[in-house]
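Chemist: Sharing protein-v3.txt here; it has compact mmCIF, C-alpha atoms.
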```txt
# COMPACT_ATOMS: atom_id res chain seq x y z
CA MET S 23 6.95 -26.10 6.74
CA THR S 24 4.10 -23.62 7.12
CA LYS S 25 1.85 -22.92 4.13
CA ILE S 26 0.76 -19.29 3.81
CA LEU S 27 -1.80 -17.88 1.37
CA TYR S 28 -2.29 -14.21 0.53
CA ILE S 29 -5.63 -13.23 -1.01
CA SER S 30 -5.91 -9.72 -2.42
CA PRO S 31 -7.99 -7.86 -5.03
CA GLU S 32 -4.71 -7.00 -6.77
CA ASN S 33 -0.97 -6.76 -6.12
CA THR S 34 -1.27 -2.98 -5.97
CA VAL S 35 2.31 -1.79 -5.44
CA GLY S 36 4.14 -5.11 -5.51
CA THR S 37 4.05 -5.65 -1.74
CA LEU S 38 2.66 -9.18 -2.03
CA SER S 39 5.76 -10.24 -3.94
CA GLN S 40 7.86 -8.99 -1.05
CA TRP S 41 5.87 -11.05 1.46
CA LYS S 42 6.26 -14.13 -0.74
CA LYS S 43 10.06 -13.72 -0.92
CA MET S 44 10.21 -13.16 2.83
CA HIS S 45 8.26 -16.32 3.72
CA GLU S 46 10.14 -18.48 1.22
CA ALA S 47 13.45 -17.27 2.65
CA ARG S 48 12.32 -18.85 5.94
CA GLY S 49 11.69 -22.18 4.20
CA ASN S 50 7.91 -21.83 4.11
CA GLN S 51 5.51 -22.08 1.17
CA CYS S 52 3.68 -18.93 0.12
CA GLU S 53 1.19 -18.34 -2.69
CA ILE S 54 -0.70 -15.28 -3.90
CA VAL S 55 -4.28 -15.16 -5.18
CA THR S 56 -5.51 -11.98 -6.89
CA LEU S 57 -9.01 -11.21 -8.07
CA TYR S 58 -8.04 -9.19 -11.16
CA PRO S 59 -4.84 -8.23 -13.02
CA ALA S 60 -2.54 -5.66 -11.42
CA LYS S 61 -2.81 -2.24 -13.03
CA HIS S 62 0.96 -1.73 -13.04
CA GLN S 63 1.93 -5.26 -14.09
CA TYR S 64 3.13 -6.58 -10.74
CA GLU S 65 3.21 -10.32 -10.06
CA GLU S 66 -0.38 -11.63 -10.05
CA GLY S 67 0.09 -15.12 -8.62
CA ILE S 68 -3.09 -17.12 -9.21
CA CYS S 69 -5.23 -14.48 -10.92
CA LEU S 70 -8.94 -15.31 -10.97
CA ASN S 71 -9.80 -12.60 -13.53
CA LEU S 72 -13.17 -11.96 -11.93
CA PRO S 73 -15.78 -9.85 -13.76
CA LEU S 74 -17.70 -6.82 -12.44
CA ILE S 75 -14.62 -5.28 -10.84
CA SER S 76 -11.88 -3.18 -12.37
CA THR S 77 -9.26 -0.45 -11.92
CA ASP S 78 -10.29 1.12 -15.23
CA SER S 79 -11.19 4.80 -15.04
CA TRP S 80 -14.82 4.22 -16.11
CA TYR S 81 -15.35 1.88 -13.15
CA THR S 82 -13.74 4.16 -10.56
CA LYS S 83 -15.56 7.22 -11.92
CA PHE S 84 -18.92 5.46 -11.75
CA ARG S 85 -18.20 4.30 -8.21
CA HIS S 86 -17.22 7.85 -7.21
CA LYS S 87 -20.43 9.30 -8.69
CA TYR S 88 -22.50 6.67 -6.90
CA TYR S 89 -20.90 7.45 -3.56
CA GLN S 90 -21.36 11.18 -4.10
CA VAL S 91 -25.10 10.48 -4.03
CA HIS S 92 -24.89 8.48 -0.79
CA ARG S 93 -21.90 10.03 1.03
CA GLY S 94 -21.76 13.63 -0.13
CA LYS S 95 -19.59 15.60 -2.54
CA LEU S 96 -16.35 13.82 -1.54
CA GLY S 97 -17.88 10.57 -2.75
CA ASP S 98 -15.33 7.75 -2.81
CA TYR S 99 -12.90 9.96 -0.84
CA GLN S 100 -15.25 10.55 2.10
CA GLU S 101 -13.81 9.02 5.27
CA LYS S 102 -16.10 7.08 7.59
CA GLU S 103 -16.63 7.45 11.32
CA GLY S 104 -16.56 4.55 13.75
CA PHE S 105 -14.14 2.50 15.84
CA PRO S 106 -13.65 0.70 13.58
CA PRO S 107 -15.42 2.26 10.59
CA THR S 108 -17.77 -0.39 9.24
CA TRP S 109 -18.96 -1.19 5.72
CA GLU S 110 -22.62 -1.73 4.94
CA PRO S 111 -24.59 -1.30 1.70
CA HIS S 112 -25.79 2.26 1.13
CA SER S 113 -28.91 1.16 -0.71
CA PHE S 114 -31.14 -1.75 -1.67
CA PHE S 115 -29.49 -1.64 -5.12
CA GLU S 116 -25.99 -1.93 -3.64
CA LYS S 117 -27.01 -4.84 -1.42
CA LYS S 118 -28.49 -6.71 -4.38
CA TYR S 119 -25.47 -5.86 -6.54
CA PHE S 120 -23.00 -7.53 -4.18
CA LYS S 121 -25.30 -10.53 -3.78
CA PHE S 122 -25.52 -10.87 -7.56
CA ARG S 123 -21.75 -10.38 -7.96
CA ASP S 124 -21.01 -13.10 -5.39
CA TRP S 125 -23.32 -15.44 -7.32
CA ILE S 126 -21.51 -14.70 -10.60
CA TRP S 127 -18.13 -15.01 -8.94
CA HIS S 128 -18.80 -18.43 -7.45
CA PHE S 129 -18.62 -19.91 -10.97
CA TYR S 130 -14.99 -18.72 -11.09
CA ILE S 131 -13.97 -19.10 -7.45
CA GLU S 132 -15.23 -22.56 -6.54
CA PRO S 133 -13.38 -24.34 -9.38
CA ALA S 134 -10.22 -22.39 -8.46
CA ILE S 135 -10.49 -23.49 -4.82
CA LYS S 136 -10.44 -27.11 -5.96
CA GLU S 137 -7.87 -26.70 -8.75
CA TYR S 138 -5.32 -24.84 -6.63
CA GLY S 139 -6.06 -26.44 -3.27
CA LEU S 140 -6.92 -23.12 -1.65
CA MET S 141 -8.28 -24.84 1.46
CA ASP S 142 -4.95 -26.57 2.10
CA TYR S 143 -3.02 -23.69 3.71
CA ASP S 144 -2.23 -23.02 7.36
CA ILE S 145 -2.28 -19.21 7.55
CA TYR S 146 -4.53 -16.98 5.42
CA HIS S 147 -3.78 -13.30 4.90
CA PHE S 148 -6.81 -11.41 3.61
CA GLU S 149 -5.47 -8.16 2.16
CA TRP S 150 -7.71 -5.08 2.37
CA GLY S 151 -9.77 -7.07 4.91
CA LEU S 152 -11.56 -8.76 2.00
CA GLY S 153 -12.26 -12.41 1.28
CA LEU S 154 -12.99 -14.01 -2.07
CA TYR S 155 -16.65 -13.03 -1.63
CA ARG S 156 -18.22 -9.90 -0.18
CA ASP S 157 -20.36 -12.09 2.11
CA SER S 158 -17.14 -13.69 3.46
CA ARG S 159 -18.32 -17.26 2.80
CA PHE S 160 -14.83 -18.51 1.87
CA ALA S 161 -13.28 -16.96 4.99
CA LYS S 162 -16.01 -18.63 7.08
CA ARG S 163 -15.04 -22.02 5.60
CA VAL S 164 -11.40 -21.31 6.44
CA ALA S 165 -12.35 -20.44 10.02
CA GLU S 166 -14.53 -23.56 10.37
CA ALA S 167 -11.54 -25.63 9.24
CA GLY S 168 -9.54 -24.20 12.15
CA LYS S 169 -7.09 -22.25 10.00
CA ALA S 170 -5.38 -18.99 11.05
CA ILE S 171 -6.87 -15.77 9.62
CA VAL S 172 -5.09 -12.42 9.27
CA CYS S 173 -6.64 -9.22 7.89
CA THR S 174 -4.29 -6.53 6.62
CA TYR S 175 -5.48 -2.96 6.04
CA HIS S 176 -3.67 -0.49 3.81
CA GLY S 177 -5.59 2.77 4.04
CA GLN S 178 -8.71 3.51 2.05
CA ASP S 179 -10.04 0.03 2.74
CA MET S 180 -10.63 1.16 6.31
CA ARG S 181 -10.82 4.93 5.95
CA THR S 182 -13.49 5.18 3.27
CA ARG S 183 -14.96 1.66 2.99
CA GLY S 184 -14.75 0.39 6.54
CA VAL S 185 -14.14 -3.13 7.80
CA ILE S 186 -16.44 -5.91 6.60
CA PRO S 187 -18.22 -6.98 9.84
CA GLU S 188 -18.08 -10.72 9.07
CA MET S 189 -14.37 -10.58 8.20
CA ASP S 190 -13.59 -8.47 11.25
CA ALA S 191 -15.28 -11.04 13.47
CA LEU S 192 -13.33 -13.92 11.91
CA SER S 193 -9.88 -12.29 11.92
CA GLN S 194 -7.49 -13.43 14.66
CA LEU S 195 -4.78 -10.90 13.82
CA ASN S 196 -5.17 -7.48 12.22
CA LEU S 197 -2.15 -5.74 10.70
CA THR S 198 -1.41 -2.41 9.05
CA SER S 199 1.53 -0.39 7.81
CA GLU S 200 -0.49 2.84 8.07
CA LEU S 201 0.01 4.40 11.49
CA ASP S 202 -3.21 6.44 11.45
CA LEU S 203 -5.27 3.26 11.08
CA VAL S 204 -4.08 2.04 14.48
CA GLU S 205 -6.26 4.77 15.97
CA LYS S 206 -9.30 3.60 13.98
CA HIS S 207 -9.50 -0.01 15.18
CA PRO S 208 -9.45 -1.45 18.71
CA ASN S 209 -7.30 -4.44 17.72
CA LEU S 210 -4.78 -3.50 15.07
CA ASP S 211 -1.00 -4.11 15.14
CA TYR S 212 1.61 -2.15 13.21
CA LEU S 213 4.09 -3.72 10.83
CA PHE S 214 6.60 -1.94 8.60
CA LEU S 215 6.25 -2.70 4.89
CA PRO S 216 8.76 -5.34 3.74
CA PHE S 217 11.17 -4.58 0.93
CA ASP S 218 14.19 -6.27 -0.61
CA THR S 219 16.53 -3.42 0.32
CA GLU S 220 19.58 -5.18 -1.12
CA GLN S 221 18.40 -5.18 -4.74
CA TYR S 222 19.56 -1.60 -5.41
CA ASN S 223 22.94 0.05 -5.10
CA ILE S 224 22.78 3.71 -4.22
CA ILE S 225 24.39 6.44 -6.29
CA ASP S 226 25.35 9.06 -3.72
CA THR S 227 26.61 11.58 -6.25
CA VAL S 228 24.29 14.50 -6.97
CA ARG S 229 23.21 15.18 -10.54
CA SER S 230 23.42 18.59 -12.14
CA PRO S 231 20.81 19.88 -12.26
CA VAL S 232 19.33 17.98 -9.36
CA LYS S 233 16.73 15.53 -10.68
CA VAL S 234 13.38 15.53 -8.84
CA CYS S 235 10.57 13.05 -9.44
CA HIS S 236 6.96 12.69 -8.31
CA SER S 237 5.22 9.36 -8.83
CA PRO S 238 1.54 9.50 -7.82
CA THR S 239 -0.78 6.53 -8.16
CA ASN S 240 -3.63 8.89 -7.25
CA ARG S 241 -3.13 12.65 -7.60
CA HIS S 242 -5.80 13.52 -5.06
CA TYR S 243 -4.30 11.43 -2.29
CA LYS S 244 -0.75 12.61 -3.02
CA GLY S 245 -1.60 16.32 -3.14
CA SER S 246 -0.18 16.49 -6.65
CA GLU S 247 -2.12 19.67 -7.48
CA ASP S 248 0.25 21.53 -5.12
CA ILE S 249 3.41 19.53 -5.81
CA ILE S 250 3.52 19.55 -9.61
CA PRO S 251 3.26 23.36 -10.23
CA ILE S 252 6.11 24.10 -7.82
CA CYS S 253 8.35 21.46 -9.38
CA GLN S 254 7.53 22.79 -12.85
CA LYS S 255 8.31 26.34 -11.67
CA LEU S 256 11.77 25.36 -10.40
CA ALA S 257 12.39 23.38 -13.59
CA GLU S 258 11.55 26.46 -15.68
CA GLU S 259 14.06 28.41 -13.59
CA GLY S 260 16.69 25.83 -14.52
CA LEU S 261 17.23 24.79 -10.89
CA ILE S 262 16.02 21.19 -11.25
CA ALA S 263 15.09 18.60 -13.84
CA PHE S 264 11.55 17.44 -13.03
CA ASN S 265 10.06 14.09 -13.97
CA LEU S 266 6.39 13.28 -13.38
CA ILE S 267 6.23 9.47 -13.36
CA GLU S 268 2.66 8.40 -13.92
CA ASN S 269 0.65 5.60 -15.59
CA GLN S 270 3.72 3.66 -16.73
CA PRO S 271 4.80 0.00 -16.49
CA TYR S 272 6.65 -0.86 -13.28
CA GLU S 273 9.99 -1.43 -15.00
CA GLN S 274 9.93 2.07 -16.46
CA VAL S 275 8.95 3.58 -13.12
CA ILE S 276 11.92 1.90 -11.43
CA LYS S 277 14.35 3.01 -14.13
CA GLN S 278 13.24 6.63 -13.89
CA LYS S 279 13.35 6.63 -10.10
CA GLN S 280 16.90 5.30 -10.17
CA GLU S 281 17.87 8.23 -12.40
CA SER S 282 16.58 10.72 -9.80
CA ASP S 283 18.01 12.38 -6.68
CA ILE S 284 14.83 13.41 -4.88
CA LEU S 285 11.34 11.91 -4.62
CA VAL S 286 8.48 14.17 -3.59
CA ASP S 287 5.99 11.70 -2.14
CA GLN S 288 2.92 13.49 -0.73
CA ILE S 289 1.43 16.38 1.20
CA HIS S 290 -1.93 16.89 2.96
CA ASN S 291 -2.08 13.30 4.32
CA ARG S 292 -5.31 12.58 2.44
CA GLY S 293 -4.36 8.96 1.85
CA GLY S 294 -2.64 8.27 5.15
CA TRP S 295 0.17 9.64 7.24
CA GLY S 296 3.58 10.17 5.78
CA TYR S 297 4.79 7.50 3.40
CA GLY S 298 4.22 4.11 1.79
CA MET S 299 5.85 1.75 -0.68
CA ASN S 300 6.60 4.60 -3.08
CA SER S 301 8.98 6.09 -0.52
CA VAL S 302 10.29 2.76 0.77
CA GLU S 303 11.36 1.78 -2.73
CA SER S 304 12.96 5.18 -3.33
CA LEU S 305 14.83 5.15 -0.02
CA ALA S 306 16.31 1.77 -0.95
CA MET S 307 17.67 3.40 -4.13
CA GLY S 308 19.25 6.16 -2.06
CA LEU S 309 16.84 8.92 -3.05
CA VAL S 310 16.08 11.74 -0.66
CA CYS S 311 12.35 11.63 0.10
CA MET S 312 10.25 14.70 0.83
CA THR S 313 6.87 14.07 2.43
CA GLU S 314 4.48 15.46 5.01
CA LEU S 315 4.86 13.74 8.37
CA VAL S 316 2.33 14.48 11.09
CA GLU S 317 3.65 14.84 14.64
CA PRO S 318 2.62 11.31 15.79
CA TYR S 319 4.58 9.80 12.90
CA GLN S 320 7.65 11.91 13.63
CA THR S 321 7.49 10.66 17.22
CA PHE S 322 6.98 7.06 16.07
CA ILE S 323 10.04 7.11 13.76
CA PRO S 324 12.28 9.83 15.30
CA ASP S 325 15.40 8.73 13.39
CA HIS S 326 13.70 9.02 9.98
CA PRO S 327 15.59 10.43 6.96
CA PHE S 328 12.62 12.26 5.39
CA ILE S 329 12.52 15.96 4.61
CA HIS S 330 9.28 17.03 6.28
CA ILE S 331 7.17 19.34 4.10
CA THR S 332 3.73 20.91 3.99
CA ALA S 333 1.95 22.75 1.19
CA GLU S 334 3.22 26.00 2.68
CA THR S 335 6.86 24.96 3.21
CA PHE S 336 7.45 22.69 0.21
CA GLU S 337 8.85 25.23 -2.26
CA GLN S 338 11.35 26.76 0.16
CA SER S 339 12.37 23.34 1.51
CA LEU S 340 13.06 22.12 -2.02
CA ARG S 341 15.04 25.26 -2.85
CA ASP S 342 17.12 24.85 0.32
CA LEU S 343 17.75 21.17 -0.34
CA ILE S 344 18.91 21.52 -3.95
CA SER S 345 21.25 24.36 -2.97
CA ASN S 346 23.10 22.11 -0.51
CA PRO S 347 24.75 19.18 -2.38
CA ALA S 348 26.60 18.07 0.76
CA LEU S 349 23.32 17.66 2.65
CA LEU S 350 21.78 15.84 -0.30
CA LYS S 351 24.65 13.36 -0.37
CA GLU S 352 24.42 12.83 3.39
CA LYS S 353 20.65 12.29 3.19
CA LYS S 354 21.06 9.77 0.35
CA GLN S 355 23.32 7.62 2.52
CA LYS S 356 21.03 7.93 5.54
CA SER S 357 18.03 6.93 3.41
CA LYS S 358 19.59 3.62 2.50
CA ALA S 359 20.72 2.82 6.06
CA TRP S 360 17.33 3.68 7.57
CA VAL S 361 15.24 1.63 5.15
CA GLU S 362 17.51 -1.37 5.74
CA LYS S 363 17.01 -1.01 9.50
CA TYR S 364 13.20 -0.96 9.43
CA HIS S 365 11.94 -2.33 6.10
CA SER S 366 14.36 -5.14 5.19
CA HIS S 367 12.95 -8.64 4.88
CA LYS S 368 14.97 -9.71 7.90
CA SER S 369 13.61 -6.93 10.11
CA VAL S 370 9.94 -7.21 9.08
CA SER S 371 10.00 -11.00 9.06
CA LYS S 372 11.20 -11.04 12.66
CA VAL S 373 8.20 -8.95 13.78
CA LEU S 374 5.59 -10.84 11.73
CA TYR S 375 6.78 -14.24 12.92
CA ALA S 376 6.72 -12.97 16.49
CA TYR S 377 3.00 -12.26 15.95
CA TYR S 378 2.57 -15.78 14.56
CA LYS S 379 4.34 -17.22 17.60
CA GLN S 380 2.15 -15.22 20.02
CA LYS S 381 -0.91 -16.77 18.36
CA GLY S 382 0.55 -20.28 18.56
CA TRP S 383 0.57 -20.70 14.78
CA ILE S 384 4.24 -21.70 14.57
```
Once you've parsed the file, please lay out its structure as C-alpha cells.
Modeler:
Amino acid sequence: MTKILYISPENTVGTLSQWKKMHEARGNQCEIVTLYPAKHQYEEGICLNLPLISTDSWYTKFRHKYYQVHRGKLGDYQEKEGFPPTWEPHSFFEKKYFKFRDWIWHFYIEPAIKEYGLMDYDIYHFEWGLGLYRDSRFAKRVAEAGKAIVCTYHGQDMRTRGVIPEMDALSQLNLTSELDLVEKHPNLDYLFLPFDTEQYNIIDTVRSPVKVCHSPTNRHYKGSEDIIPICQKLAEEGLIAFNLIENQPYEQVIKQKQESDILVDQIHNRGGWGYGMNSVESLAMGLVCMTELVEPYQTFIPDHPFIHITAETFEQSLRDLISNPALLKEKKQKSKAWVEKYHSHKSVSKVLYAYYKQKGWI
C-alpha cells in the first residue's frame, strides 16, 4: 500500500476530495492537509487553521492594492513573464513578512507534523506548488528523507505568482490541468481533472423556458461583466430563466446546477484556457456548457462537447442554442459521455499512476 499526502492552502473546488477517492479506490492511503478552511465548505482534511492568510475580501483587496504598487494597475491579476515565471519578494517588507509568517506558522505546523505523522508518507503532492512554509523547509525535509515530491499548478499560482524556486528545484514531477501552463514551464505534464462522473444522473429533457446558469468564483476571471447582462437581457425577453449562482454553500450550488440546462462558464480566458472543475461538474450532470476555447485547446480535445463562444458571439450562440431543443438534448447526452471518457476516476487514475510508474515510485 502506497501512502499519499496532498498539501494545499485550501480545497478550492473540491478537487482534493476527488483525488482522495481515486487513490483509495486503488487500495492506497490518502490524506489531505489544508492551511485554512475552504471558502465553499469543501472537505478540509487536516486543517491547520493558520493565521495571516485568508480568502476574506479584506485580505484579497489588500493584496491586490499592494501588488498594484509593485506590478502595475492590474495588481494581483498581472501575469508574469519567464519560463517558468518565478516568485520573489517585491520589497524588503514582503521578504520580512514571509519570514515572520513562517516563524509564526511553525508553532502550528511542527506539532501537526508530529501529531499526524506527516513525515510518514511515500508520495507528497504540493498543490499550487506550495509547501507548508514559504521557504520550503518542510519540502526540503521530505526530499532529504528520499520521498517522492509532486507539484501541481492550477492557474494563477503560476501565471501571476510564479513558481517558488526552492519548490521547483525539489519537485520530481510537475502536473497541471491547465493547458496554457504547459507552455510556461519546461517540465510540466498534463492531467485531466478527476471527477466522480457516476454520482449524477442526467436529465436530458429540456426545461421551458430553458434554464441557464453562470457560477463564477471570480467575476474578473470568468468575464462575468459580459456574460451576466446578456443572460439578463434574454431573461427579460422571456426566452430563458437565468440563475446567477454565487457565494453560496456547495450543496446549494450543486442543487441549482442540477436544475439547469446550460452552464455559461467563461469568456476572455483571463484565468486559463477553456474550462475547469465548474464545467467538469456540470458536464457530469448533463448540462450543455458554453465557454471560450482557444484554438490550441480545440485541437487538444477535438471531440469536446462545448459550445465555443467569445464576447462577440455569445449572445447569438445562446439564442441559437435555446431555439433548438433537439440540439440541446443531443448535447446533454454528449456532455455526459465525454466527461466520463476523459475525467472519470478510472481514466485519470490510469494516467497519474503511469507517471508514478515512470518515476519508479510504484
Chemist: Give me, as a compact mmCIF listing (two decimals) with C-alpha atoms, in the coordinates of the input, all polymer residues having an atom no more than 7 Å from Asp283 of chain S, counting only C-alpha atoms and skipping those fewer than 4 positions away in the same chain.
Modeler:
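Listed below is the output, part01.txt:
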```txt
# COMPACT_ATOMS: atom_id res chain seq x y z
CA VAL S 228 24.29 14.50 -6.97
CA VAL S 232 19.33 17.98 -9.36
CA LYS S 233 16.73 15.53 -10.68
CA VAL S 234 13.38 15.53 -8.84
CA LEU S 309 16.84 8.92 -3.05
CA VAL S 310 16.08 11.74 -0.66
```
Chemist: What's the separation between atom CA of Trp125 of chain S and atom CA of Phe160 of chain S, in Å to one decimal place?
Modeler: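 Rounded to one decimal, the two atoms are 12.9 Å apart.
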Chemist: Quick one: of S:His290, S:His92, S:Arg85, S:Lys279, who's nearest to Asp248 of chain S, counting all atoms listed in the file?
Modeler: S:His290
Chemist: In terms of the shortest atom-to-atom distance over all atoms listed in the file, which of S:Leu266, S:Leu315, S:Met44, S:Cys52 is closest to Thr219 of chain S?
Modeler: S:Met44
Chemist: Do you have the atom CA of Glu110 of chain S-atom CA of Leu57 of chain S distance handy?
Modeler: 21.1 Å
Chemist: Select, from S:Ile145, S:Val164, S:Val316, S:Ile289, the residue with the minimum atom-to-atom distance to Tyr375 of chain S, counting all atoms listed in the file.
Modeler: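 Residue with the minimum atom-to-atom distance to Tyr375 of chain S: S:Ile145.
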Chemist: Distance atom CA of Val35 of chain S-atom CA of Tyr243 of chain S, one decimal place?
Modeler: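 For atom CA of Val35 of chain S relative to atom CA of Tyr243 of chain S, the distance reads 15.1 Å.
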Chemist: Find the spatial neighbours of Ala359 of chain S, counting all atoms listed in the file, within a cut-off of 10 Å - ignore same-chain residues fewer than 6 positions away - and output them as a PyMOL selection string.
Modeler: chain S and resi 219+305-306+308+327+353
Chemist: For each of S:Tyr130, S:Tyr319, S:Tyr222, S:Phe105, take the minimum atom-to-atom distance to Asn71 of chain S, counting all atoms listed in the file, then give the residue where this is smallest.
Modeler: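 Under the stated criterion, the closest residue is S:Tyr130.
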Chemist: Identify which of the residues S:Ile186, S:Val286, S:Ile276, S:Ile267 lies closest to Ser339 of chain S, counting all atoms listed in the file when measuring atom-to-atom distances.
Modeler: S:Val286
Chemist: Here is a test: counting all atoms listed in the file, which residue of S:Asp157, S:Glu259, S:Glu362, S:Asp325 is nearest to Phe120 of chain S?
Modeler: S:Asp157
Chemist: Env of Ala333 of chain S: 12 Å cut, atoms = only C-alpha atoms, seq-sep filter 6 positions within chain, self excluded. Answer as a PyMOL selection string.
Modeler: chain S and resi 244-252+286+288-291+312-315+339-340
Chemist: Applying 8 Å and all atoms listed in the file, which residues near His147 of chain S remain after dropping the ones on its own chain fewer than 6 positions away? List them as an NGL selection string.
Modeler: :S and (26-29 or 171-174)
Chemist: Identify, on the basis of only C-alpha atoms, every residue whose closest approach to segment 54-56 of chain S does not exceed 12 Å; exclude the query and any residue fewer than 4 positions from it along the same chain; express the result as a count of residues only.
Modeler: 46
